Amino acid sequence: MRQVIIAAFAASVGFAAGASGAEICQGYGPQAPRDISSKAGTNPRTFTFAPPASEMNLCNIHFHTNAEHKGPGFSISAGDGEHGGFRCNGTADLTAAELEDPFNGEGACHGVKPGDTVEVHWVHSSCDVTPGEGLGSCLSEKCANPQLRVETQVFLVVNDPQALNFADFTYGGNVTAGRHQARALPAGTGDPVSFLGSTTGPKYTEQTCSPLQVTWSVRPTCARIDIASLDKWCEGNDFNENHAHGVRQLVTSPALLAPIR
């Protein structure tokens with residue numbers, strides 16, 4: 001999850017950054033991303049699960065290069081580092097037509113092309129806020145320590161107008177029952193796996209943990225998304241998003257993971 005965290009927010013939670021010389025972070029709550037197929041975890045810190053997304057305000061939408069999490073439908077390793085993570089299992093089965101790039105590498109989603117895997121995060125906040133750029137949009141001066149929920153879908157990007165249209169899942173000023181909401185959240189990709197974790201992004205590792213508390217909801221299989229619809233969103237959106245962000249490598253130490261119930 002993208003890390004644009006304002007200093008006041010980090011200070012308000014009262015944690016020090018870094019691993020204090022230990023092999024893994026000490027004293028932090030459960031971390032993310034994780035292998036959602038494994039329920040194991042021994043991190044003792046707990047917090048309350050956030051309300052359903054429909055009872056919170058959407059505050060940000062962004063996406064990452066490859067999947068940060070590992071799941072049944074996205075288990076092909078893309079390697080280590082900021083642009084590693086996992087690819088959708090169906091990547092090798094795409095046809096030449098599905099892999100053709102209509103933008104010849106010059107699309108509005110800089111660097112994203114058919115055949116890529118992206119993990120999209122719909123970030124929700126318990127604060128009364130308006131959606132905007134970065135995680136800073138999820139809090140305010142009056143609400144500095146919100147509950148956070150991230151709804152997650154991994155997509156396989158294809159050149160196919162019959163694939164899902166990203167416009168169906170965007171914000172576009174949509175307000176439902178007085179709350180900022182995406183037009184819809186993806187369905188049909190399995191029951192989301194819910195667990196307690198943290199924010200993600202390449203600045204964090206098992207040695208440098210995130211102090212923020214996040215309720216995750218990760219759908220276990222990939223969906224196909226049309227490159228043209230994603231490109232259209234990148235041309236202009238409420239979040240100033242025009243590229244896929246880097247990933248945090250998978251957290252595997254049980255001491256840094258919450259058990260999945």
# chains A, B, ... in the order shown; residues from 1 in each chain; ligands from 1
$ residues_around --residues "Gly84 in chain A" --least-positions-apart "2" --cutoff "8 Å" --atoms "only C-alpha atoms" --output "PyMOL selection string"
chain A and resi 65-66+77-82+86+246-247+249
$ residues_around --residues "Cys59 in chain A" --least-positions-apart "3" --cutoff "10 Å" --atoms "only C-alpha atoms" --output "MDAnalysis selection string"
chainID A and resid 56 122:139 148 171 180:182 238:239
$ closest_residue --among "A:Ala96, A:Cys209, A:Ala40, A:Val112" --to "Tyr28 in chain A" --atoms "only C-alpha atoms"
A:Cys209
$ residues_around --residues "Ser194 in chain A" --least-positions-apart "2" --cutoff "7 Å" --atoms "only C-alpha atoms" --output "MDAnalysis selection string"
chainID A and resid 192 216:218
$ closest_residue --among "A:Leu196, A:Val150, A:Asn242, A:Lys203" --to "Gly41 in chain A" --atoms "only C-alpha atoms"
A:Leu196
$ closest_residue --among "A:Pro161, A:Ala97, A:Leu256, A:Glu235" --to "Thr208 in chain A" --atoms "only C-alpha atoms"
A:Leu256
$ select_by_dssp --residues "range 53-260 of chain A" --states "strand (DSSP E)" --output "NGL selection string"
:A and (57-65 or 76-77 or 86-87 or 117-125 or 148-158 or 175-176 or 179-180 or 193-197 or 214-218 or 223-226)
$ select_by_dssp --residues "range 116-184 of chain A" --states "helix (DSSP H, G or I)" --output "PyMOL selection string"
chain A and resi 135-138+166-169
$ decode --residues "range 26-38 of chain A" --atoms "all heavy atoms" --output "CSV table (one decimal), in the first residue's frame"
chain,number,residue,atom,x,y,z
A,26,GLN,N,10.9,-5.4,16.3
A,26,GLN,CA,10.5,-5.8,17.6
A,26,GLN,C,9.4,-4.8,18.1
A,26,GLN,O,9.5,-3.6,18.0
A,26,GLN,CB,11.6,-5.8,18.6
A,26,GLN,CG,12.8,-6.7,18.2
A,26,GLN,CD,12.3,-8.2,18.3
A,26,GLN,OE1,11.7,-8.6,19.2
A,26,GLN,NE2,12.8,-9.0,17.3
A,27,GLY,N,8.3,-5.4,18.7
A,27,GLY,CA,7.3,-4.5,19.3
A,27,GLY,C,6.2,-4.0,18.4
A,27,GLY,O,5.4,-3.2,18.8
A,28,TYR,N,6.3,-4.3,17.1
A,28,TYR,CA,5.3,-3.8,16.1
A,28,TYR,C,4.1,-4.8,16.0
A,28,TYR,O,4.2,-6.0,16.4
A,28,TYR,CB,5.9,-3.7,14.8
A,28,TYR,CG,6.9,-2.5,14.6
A,28,TYR,CD1,8.2,-2.6,15.1
A,28,TYR,CD2,6.4,-1.3,14.0
A,28,TYR,CE1,9.0,-1.5,15.0
A,28,TYR,CE2,7.3,-0.2,13.9
A,28,TYR,CZ,8.6,-0.3,14.4
A,28,TYR,OH,9.4,0.8,14.3
A,29,GLY,N,3.0,-4.3,15.6
A,29,GLY,CA,1.8,-5.1,15.3
A,29,GLY,C,2.0,-5.9,14.0
A,29,GLY,O,3.1,-5.9,13.4
A,30,PRO,N,1.0,-6.7,13.7
A,30,PRO,CA,1.1,-7.6,12.5
A,30,PRO,C,1.4,-6.8,11.3
A,30,PRO,O,0.9,-5.7,11.1
A,30,PRO,CB,-0.2,-8.3,12.5
A,30,PRO,CG,-1.1,-7.5,13.3
A,30,PRO,CD,-0.3,-6.8,14.4
A,31,GLN,N,2.1,-7.4,10.4
A,31,GLN,CA,2.5,-6.7,9.1
A,31,GLN,C,1.9,-7.4,7.9
A,31,GLN,O,1.2,-8.4,8.0
A,31,GLN,CB,4.0,-6.8,9.0
A,31,GLN,CG,4.8,-6.2,10.1
A,31,GLN,CD,4.7,-4.7,10.1
A,31,GLN,OE1,5.1,-4.0,9.2
A,31,GLN,NE2,4.1,-4.1,11.2
A,32,ALA,N,2.0,-6.7,6.8
A,32,ALA,CA,1.5,-7.1,5.5
A,32,ALA,C,2.5,-6.7,4.4
A,32,ALA,O,3.3,-5.7,4.7
A,32,ALA,CB,0.1,-6.6,5.2
A,33,PRO,N,2.6,-7.3,3.3
A,33,PRO,CA,1.7,-8.3,2.7
A,33,PRO,C,2.1,-9.7,3.2
A,33,PRO,O,3.1,-9.9,3.8
A,33,PRO,CB,2.0,-8.2,1.2
A,33,PRO,CG,3.4,-7.8,1.1
A,33,PRO,CD,3.6,-6.9,2.3
A,34,ARG,N,1.2,-10.7,2.9
A,34,ARG,CA,1.4,-12.1,3.4
A,34,ARG,C,0.9,-13.0,2.4
A,34,ARG,O,0.2,-12.7,1.4
A,34,ARG,CB,0.7,-12.3,4.7
A,34,ARG,CG,-0.8,-12.2,4.6
A,34,ARG,CD,-1.4,-12.4,6.0
A,34,ARG,NE,-1.2,-13.8,6.5
A,34,ARG,CZ,-1.3,-14.1,7.7
A,34,ARG,NH1,-1.7,-13.3,8.6
A,34,ARG,NH2,-1.1,-15.4,8.1
A,35,ASP,N,1.2,-14.3,2.6
A,35,ASP,CA,0.6,-15.4,1.8
A,35,ASP,C,-0.8,-15.7,2.4
A,35,ASP,O,-0.9,-16.2,3.5
A,35,ASP,CB,1.5,-16.6,1.9
A,35,ASP,CG,0.9,-17.8,1.1
A,35,ASP,OD1,-0.2,-17.8,0.6
A,35,ASP,OD2,1.7,-18.8,0.9
A,36,ILE,N,-1.9,-15.3,1.7
A,36,ILE,CA,-3.2,-15.5,2.3
A,36,ILE,C,-3.7,-16.9,2.3
A,36,ILE,O,-4.7,-17.2,2.9
A,36,ILE,CB,-4.2,-14.6,1.5
A,36,ILE,CG1,-4.3,-15.0,0.0
A,36,ILE,CG2,-3.9,-13.1,1.6
A,36,ILE,CD1,-5.5,-14.4,-0.7
A,37,SER,N,-2.9,-17.8,1.7
A,37,SER,CA,-3.3,-19.2,1.8
A,37,SER,C,-2.8,-19.9,3.2
A,37,SER,O,-3.3,-20.9,3.5
A,37,SER,CB,-2.6,-20.0,0.7
A,37,SER,OG,-3.1,-19.6,-0.6
A,38,SER,N,-2.0,-19.1,3.9
A,38,SER,CA,-1.5,-19.6,5.2
A,38,SER,C,-2.1,-18.8,6.3
A,38,SER,O,-2.1,-17.6,6.3
A,38,SER,CB,0.0,-19.5,5.3
A,38,SER,OG,0.5,-19.8,6.6
